[in-house]
Structure formats: structure tokens, C-alpha cells
Amino acid sequence: MDVLRSVVLGLVQGLTEFLPISSSAHLAIVPRFLGWDDPGAAYTAVVQIGTELAVVLYFWKDIWRIGTGWLRGLVSSDARALPEWRMGWFVIVGSMPIVLLGLALESLIDRQFRNLWVIATMLIVLGIVLGVAERVGRRTRPIEQLTWTHAVALGLAQAAAVVPGVSRSGATISMGLLLGYERAAATRFAFLLAIPAVVGAGLYKLKDVPGGENAYGWGPTLIGTVVSFVVGLAVIHWLLQYVSKHSYAPFVVYRIALGTLVLALLAFGVIGAGVSASV
């Protein structure tokens with residue numbers, strides 16, 4: 001049963017990681033709907049490595065170009081004039097807020113923030129933010145126009161995703177749209193920005209896989225990670241094609257509807273909220 005449940009959750013992770021609907025929220029909500037135990041913060045962090053490996057594979061040319069360009073810039077003034085040098089720093093600087101906030105709030109992230117009252121509320125709040133960003137954003141800036149100030153702002157937006165229900169991609173994309181970037185540009189940078197934070201969090205949580213922060217143990221967790229990788233690879237391709245021609249409006253509706261449903265089920269006692277919301 002642990003293997004079956006991990007496969008299902010790996011599928012959920014792969015389907016939701018790159019969509020602006022919060023994979024961590026779904027990894028908390030789906031087990032509750034099915035009557036399963038919370039898989040735990042360690043499971044959530046580790047299985048997300050699978051989807052980030054999908055990002056690395058899908059964008060390997062971009063990552064190689066940015067990585068080698070940044071390394072060359074450390075020793076060559078000519079290389080520092082190239083866009084790859086700046087983009088490398090943008091990813092590094094943009095990743096720092098979520099790393100620092102994640103370490104500072106680790107105990108809250110592992111426990112209090114996984115309360116369904118918190119998660120459902122964040123689904124609705126960030127759904128509204130995404131809807132506003134979609135409506136008012138000019139969507140004219142290409143990724144090549146990214147600035148230091150904007151990289152920091154996008155990093156701060158991503159940091160809000162330490163709270164399940166916010167969504168790394170949703171928060172970063174919303175900020176990108178509000179800053180005037182094209183949907184595809186905001187989405188692509190959100191994917192690149194997530195790699196250091198998610199892989200780092202997953203590796204950091206490996207030590208907790210056999211313990212109480214993981215309901216399944218090593219075997220099922222690795223299987224779920226593989227499933228999330230395969231499904232995530234397909235979702236990346238689909239989403240980049242989708243956002244080039246369509247708005248994020250359906251995801252806004254979905255977030256608000258799901259958050260409202262969860263709040264209603266909690267209010268009527270149909271499902272439990274999980275860990276205490278108190279600090």
C-alpha cells in the first residue's frame with residue numbers, strides 16, 4: 001500500500017509542480033481526501049527532486065549555457081559582458097530568499113504550515129493574486145530584459161512558497177506578470193529559479209526520510225520520485241506551449257474553487273485539518 005500511495009502522490013507531484021496551483025498543497029490535500037496519513041514534510045521535499053530533475057533535463061542546454069557562462073565570468077572580463085553571466089547571478093541571488101526563509105522557518109514549514117486551514121486559505125489568496133497579475137500585467141518584457149531589482153523581487157515572491165498552498169511557480173509567475181514580463185518569460189525563469197531551492201531542500205531532507213517526517217520510507221519515496229520525474233517532464237512541455245497562447249485564468253478558478261471546497265469540508269468536519277495551526 002505504501003508503494004501504491006507513493007505512486008499516486010508522485011503522479012500528483014508531477015502534475016502539479018509546474019502548474020501555479022501548489023504541489024505541496026496537493027500532497028497534503030489528496031491524502032486527506034483519500035483517508036491516508038500525511039506523507040510528511042521529508043517525503044514532500046524529496047519527491048520534488050524528481051520534478052526538478054525533469055527541469056534540468058528539459059532545460060539542460062539553457063542551464064549548461066548559463067552555468068558555463070557564469071563560471072567563465074569568474075575569470076574573464078569579456079565573459080562578464082555576456083548575458084549568461086548576469087543570468088547566472090540572477091538565479092543565485094533570486095534563490096537566496098527562499099533558502100534563508102526555509103532554514104529560519106523549518107519547524108513551522110514541517111508542522112504548522114501543513115495545516116489545511118492554512119493551505120486552503122493560501123490557495124484562495126494566491127489565486128486572487130495570480131488573477132490580478134494576469135489582468136493588469138502588460139506582458140511585454142522578454143526574459144532578456146530581466147534586471148537585478150526584478151531578480152530580487154522574483155526571489156522574494158518565490159520565498160512566499162515556504163507556506164504550502166502558495167506555489168513556487170504561482171508566486172514567481174504572478175510577480176513576473178506584475179513586473180510586465182511575458183507569460184512564457186515569467187514561467188521559464190520560475191522554472192530555472194526553483195532548481196537550486198528545490199533540489200537543495202530535497203537533499204537537506206534526505207536525512208529525515210527514514211524518520212517521522214516521512215510516512216513511507218526509502219523504497220516508496222524513491223518510486224514516487226521517479227514517477228514525478230516522468231510526469232513532470234511531460235507537464236513542462238505542455239505548460240510552455242499552453243502559456244504562449246492562453247492565460248492563467250483556469251488555474252485561478254481552480255485554486256479558488258479547491259481552496260473554498262477544502263474550507264467548507266473543514267468547517268463541516270468532513271476532513272481533519274492535520275497538525276495544529278498554532279505556533
# chains A, B, ... in the order shown; residues from 1 in each chain; ligands from 1
$ select_by_dssp --residues "segment 21-112 of chain A" --states "helix (DSSP H, G or I)" --output "number ranges by chain"
A: 23-34, 41-58, 60-73, 79-81, 83-104, 106-110, 112
$ residues_around --residues "segment 178-183 of chain A" --least-positions-apart "6" --cutoff "8 Å" --atoms "only C-alpha atoms" --output "ChimeraX atom specification"
/A:133-134,136-143,150,243-244
$ write_last_selection --atoms "C-alpha atoms" --output "CSV table (one decimal), in the first residue's frame"
chain,number,residue,atom,x,y,z
A,133,ALA,CA,-1.4,39.8,-12.1
A,134,GLU,CA,-2.9,38.1,-15.2
A,136,VAL,CA,-3.1,44.0,-15.0
A,137,GLY,CA,0.3,42.8,-16.3
A,138,ARG,CA,1.5,44.3,-19.5
A,139,ARG,CA,3.2,41.0,-20.6
A,140,THR,CA,5.7,42.8,-23.0
A,141,ARG,CA,9.1,42.2,-21.4
A,142,PRO,CA,11.2,39.3,-22.7
A,143,ILE,CA,13.4,37.4,-20.3
A,150,HIS,CA,13.4,42.3,-10.7
A,243,VAL,CA,1.1,29.8,-21.8
A,244,SER,CA,2.4,31.0,-25.2
$ atom_distance --atom1 "atom CA of Ser169 of chain A" --atom2 "atom CA of Leu19 of chain A"
6.8 Å
$ residues_around --residues "Tyr216 of chain A" --least-positions-apart "3" --cutoff "7 Å" --atoms "only C-alpha atoms" --output "PyMOL selection string"
chain A and resi 2+39+220-221
$ closest_residue --among "A:Leu233, A:Val226, A:Val47, A:Leu9" --to "His26 of chain A" --atoms "only C-alpha atoms"
A:Leu9
$ closest_residue --among "A:Gly67, A:Gly50, A:Gly102, A:Gly131" --to "Tyr254 of chain A" --atoms "only C-alpha atoms"
A:Gly131
$ closest_residue --among "A:Ala267, A:Leu258, A:Val231, A:Ala104" --to "Val8 of chain A" --atoms "only C-alpha atoms"
A:Val231
$ closest_residue --among "A:Met1, A:Val199, A:Ala184, A:Val12" --to "Leu53 of chain A" --atoms "only C-alpha atoms"
A:Val199
$ closest_residue --among "A:Arg188, A:Arg255, A:Arg5, A:His237" --to "Leu34 of chain A" --atoms "only C-alpha atoms"
A:Arg5
$ closest_residue --among "A:Ala249, A:Met87, A:Ala197, A:Ile29" --to "Ala120 of chain A" --atoms "only C-alpha atoms"
A:Ile29
$ decode --residues "segment 146-185 of chain A" --atoms "N, CA and C atoms" --output "PDB file, in the first residue's frame"
ATOM      1  N   LEU A 146      15.488  41.134 -17.999  1.00  0.00           N
ATOM      2  CA  LEU A 146      15.499  40.940 -16.552  1.00  0.00           C
ATOM      3  C   LEU A 146      16.587  41.806 -15.908  1.00  0.00           C
ATOM      4  N   THR A 147      16.246  42.452 -14.789  1.00  0.00           N
ATOM      5  CA  THR A 147      17.180  43.333 -14.091  1.00  0.00           C
ATOM      6  C   THR A 147      17.481  42.768 -12.702  1.00  0.00           C
ATOM      7  N   TRP A 148      18.483  43.349 -12.034  1.00  0.00           N
ATOM      8  CA  TRP A 148      18.822  42.928 -10.675  1.00  0.00           C
ATOM      9  C   TRP A 148      17.648  43.121  -9.722  1.00  0.00           C
ATOM     10  N   THR A 149      17.008  44.269  -9.826  1.00  0.00           N
ATOM     11  CA  THR A 149      15.875  44.556  -8.940  1.00  0.00           C
ATOM     12  C   THR A 149      14.754  43.554  -9.137  1.00  0.00           C
ATOM     13  N   HIS A 150      14.487  43.248 -10.396  1.00  0.00           N
ATOM     14  CA  HIS A 150      13.422  42.299 -10.692  1.00  0.00           C
ATOM     15  C   HIS A 150      13.798  40.885 -10.256  1.00  0.00           C
ATOM     16  N   ALA A 151      15.065  40.510 -10.382  1.00  0.00           N
ATOM     17  CA  ALA A 151      15.501  39.183  -9.940  1.00  0.00           C
ATOM     18  C   ALA A 151      15.291  39.021  -8.436  1.00  0.00           C
ATOM     19  N   VAL A 152      15.597  40.078  -7.681  1.00  0.00           N
ATOM     20  CA  VAL A 152      15.383  40.040  -6.236  1.00  0.00           C
ATOM     21  C   VAL A 152      13.890  39.953  -5.917  1.00  0.00           C
ATOM     22  N   ALA A 153      13.083  40.743  -6.636  1.00  0.00           N
ATOM     23  CA  ALA A 153      11.635  40.722  -6.411  1.00  0.00           C
ATOM     24  C   ALA A 153      11.052  39.345  -6.712  1.00  0.00           C
ATOM     25  N   LEU A 154      11.521  38.713  -7.788  1.00  0.00           N
ATOM     26  CA  LEU A 154      11.049  37.370  -8.126  1.00  0.00           C
ATOM     27  C   LEU A 154      11.500  36.353  -7.077  1.00  0.00           C
ATOM     28  N   GLY A 155      12.703  36.535  -6.552  1.00  0.00           N
ATOM     29  CA  GLY A 155      13.184  35.655  -5.495  1.00  0.00           C
ATOM     30  C   GLY A 155      12.374  35.789  -4.218  1.00  0.00           C
ATOM     31  N   LEU A 156      12.023  37.021  -3.867  1.00  0.00           N
ATOM     32  CA  LEU A 156      11.198  37.245  -2.684  1.00  0.00           C
ATOM     33  C   LEU A 156       9.809  36.631  -2.869  1.00  0.00           C
ATOM     34  N   ALA A 157       9.282  36.722  -4.083  1.00  0.00           N
ATOM     35  CA  ALA A 157       7.976  36.113  -4.362  1.00  0.00           C
ATOM     36  C   ALA A 157       8.060  34.605  -4.207  1.00  0.00           C
ATOM     37  N   GLN A 158       9.123  33.993  -4.738  1.00  0.00           N
ATOM     38  CA  GLN A 158       9.287  32.549  -4.608  1.00  0.00           C
ATOM     39  C   GLN A 158       9.384  32.137  -3.144  1.00  0.00           C
ATOM     40  N   ALA A 159      10.010  32.986  -2.317  1.00  0.00           N
ATOM     41  CA  ALA A 159      10.191  32.659  -0.904  1.00  0.00           C
ATOM     42  C   ALA A 159       8.858  32.493  -0.176  1.00  0.00           C
ATOM     43  N   ALA A 160       7.810  33.144  -0.667  1.00  0.00           N
ATOM     44  CA  ALA A 160       6.494  33.001  -0.041  1.00  0.00           C
ATOM     45  C   ALA A 160       5.998  31.565  -0.113  1.00  0.00           C
ATOM     46  N   ALA A 161       6.581  30.773  -1.023  1.00  0.00           N
ATOM     47  CA  ALA A 161       6.125  29.398  -1.217  1.00  0.00           C
ATOM     48  C   ALA A 161       6.589  28.448  -0.130  1.00  0.00           C
ATOM     49  N   VAL A 162       7.283  28.950   0.890  1.00  0.00           N
ATOM     50  CA  VAL A 162       7.576  28.077   2.034  1.00  0.00           C
ATOM     51  C   VAL A 162       6.276  27.683   2.725  1.00  0.00           C
ATOM     52  N   VAL A 163       5.222  28.440   2.489  1.00  0.00           N
ATOM     53  CA  VAL A 163       3.897  28.095   3.015  1.00  0.00           C
ATOM     54  C   VAL A 163       3.173  27.255   1.963  1.00  0.00           C
ATOM     55  N   PRO A 164       2.852  25.985   2.243  1.00  0.00           N
ATOM     56  CA  PRO A 164       2.111  25.174   1.274  1.00  0.00           C
ATOM     57  C   PRO A 164       0.800  25.852   0.881  1.00  0.00           C
ATOM     58  N   GLY A 165       0.497  25.789  -0.391  1.00  0.00           N
ATOM     59  CA  GLY A 165      -0.694  26.455  -0.904  1.00  0.00           C
ATOM     60  C   GLY A 165      -0.356  27.690  -1.704  1.00  0.00           C
ATOM     61  N   VAL A 166       0.842  28.240  -1.477  1.00  0.00           N
ATOM     62  CA  VAL A 166       1.245  29.438  -2.223  1.00  0.00           C
ATOM     63  C   VAL A 166       1.635  29.068  -3.639  1.00  0.00           C
ATOM     64  N   SER A 167       2.529  28.087  -3.814  1.00  0.00           N
ATOM     65  CA  SER A 167       3.056  27.631  -5.097  1.00  0.00           C
ATOM     66  C   SER A 167       4.251  28.468  -5.521  1.00  0.00           C
ATOM     67  N   ARG A 168       5.405  27.790  -5.651  1.00  0.00           N
ATOM     68  CA  ARG A 168       6.606  28.474  -6.137  1.00  0.00           C
ATOM     69  C   ARG A 168       6.381  29.088  -7.501  1.00  0.00           C
ATOM     70  N   SER A 169       5.888  28.271  -8.426  1.00  0.00           N
ATOM     71  CA  SER A 169       5.676  28.785  -9.773  1.00  0.00           C
ATOM     72  C   SER A 169       4.592  29.859  -9.775  1.00  0.00           C
ATOM     73  N   GLY A 170       3.524  29.652  -8.993  1.00  0.00           N
ATOM     74  CA  GLY A 170       2.434  30.626  -8.967  1.00  0.00           C
ATOM     75  C   GLY A 170       2.872  31.978  -8.446  1.00  0.00           C
ATOM     76  N   ALA A 171       3.644  31.987  -7.348  1.00  0.00           N
ATOM     77  CA  ALA A 171       4.110  33.249  -6.770  1.00  0.00           C
ATOM     78  C   ALA A 171       5.092  33.942  -7.704  1.00  0.00           C
ATOM     79  N   THR A 172       6.047  33.179  -8.260  1.00  0.00           N
ATOM     80  CA  THR A 172       7.055  33.765  -9.139  1.00  0.00           C
ATOM     81  C   THR A 172       6.429  34.268 -10.434  1.00  0.00           C
ATOM     82  N   ILE A 173       5.543  33.481 -11.000  1.00  0.00           N
ATOM     83  CA  ILE A 173       4.868  33.900 -12.234  1.00  0.00           C
ATOM     84  C   ILE A 173       4.022  35.143 -11.988  1.00  0.00           C
ATOM     85  N   SER A 174       3.311  35.182 -10.865  1.00  0.00           N
ATOM     86  CA  SER A 174       2.494  36.363 -10.546  1.00  0.00           C
ATOM     87  C   SER A 174       3.356  37.617 -10.485  1.00  0.00           C
ATOM     88  N   MET A 175       4.503  37.521  -9.795  1.00  0.00           N
ATOM     89  CA  MET A 175       5.398  38.663  -9.723  1.00  0.00           C
ATOM     90  C   MET A 175       5.925  39.029 -11.103  1.00  0.00           C
ATOM     91  N   GLY A 176       6.270  38.023 -11.890  1.00  0.00           N
ATOM     92  CA  GLY A 176       6.757  38.292 -13.242  1.00  0.00           C
ATOM     93  C   GLY A 176       5.730  39.017 -14.088  1.00  0.00           C
ATOM     94  N   LEU A 177       4.482  38.608 -13.995  1.00  0.00           N
ATOM     95  CA  LEU A 177       3.417  39.276 -14.753  1.00  0.00           C
ATOM     96  C   LEU A 177       3.219  40.703 -14.255  1.00  0.00           C
ATOM     97  N   LEU A 178       3.249  40.898 -12.933  1.00  0.00           N
ATOM     98  CA  LEU A 178       3.082  42.242 -12.375  1.00  0.00           C
ATOM     99  C   LEU A 178       4.224  43.167 -12.796  1.00  0.00           C
ATOM    100  N   LEU A 179       5.414  42.600 -13.022  1.00  0.00           N
ATOM    101  CA  LEU A 179       6.555  43.390 -13.471  1.00  0.00           C
ATOM    102  C   LEU A 179       6.558  43.595 -14.983  1.00  0.00           C
ATOM    103  N   GLY A 180       5.571  43.023 -15.663  1.00  0.00           N
ATOM    104  CA  GLY A 180       5.427  43.273 -17.093  1.00  0.00           C
ATOM    105  C   GLY A 180       6.035  42.238 -18.009  1.00  0.00           C
ATOM    106  N   TYR A 181       6.486  41.094 -17.473  1.00  0.00           N
ATOM    107  CA  TYR A 181       7.127  40.088 -18.313  1.00  0.00           C
ATOM    108  C   TYR A 181       6.094  39.232 -19.054  1.00  0.00           C
ATOM    109  N   GLU A 182       6.513  38.725 -20.194  1.00  0.00           N
ATOM    110  CA  GLU A 182       5.673  37.823 -20.963  1.00  0.00           C
ATOM    111  C   GLU A 182       5.389  36.559 -20.148  1.00  0.00           C
ATOM    112  N   ARG A 183       4.266  35.931 -20.421  1.00  0.00           N
ATOM    113  CA  ARG A 183       3.922  34.720 -19.678  1.00  0.00           C
ATOM    114  C   ARG A 183       5.021  33.668 -19.810  1.00  0.00           C
ATOM    115  N   ALA A 184       5.475  33.429 -21.037  1.00  0.00           N
ATOM    116  CA  ALA A 184       6.495  32.405 -21.249  1.00  0.00           C
ATOM    117  C   ALA A 184       7.798  32.775 -20.540  1.00  0.00           C
ATOM    118  N   ALA A 185       8.157  34.063 -20.540  1.00  0.00           N
ATOM    119  CA  ALA A 185       9.389  34.516 -19.890  1.00  0.00           C
ATOM    120  C   ALA A 185       9.293  34.319 -18.380  1.00  0.00           C
TER     121      ALA A 185
END
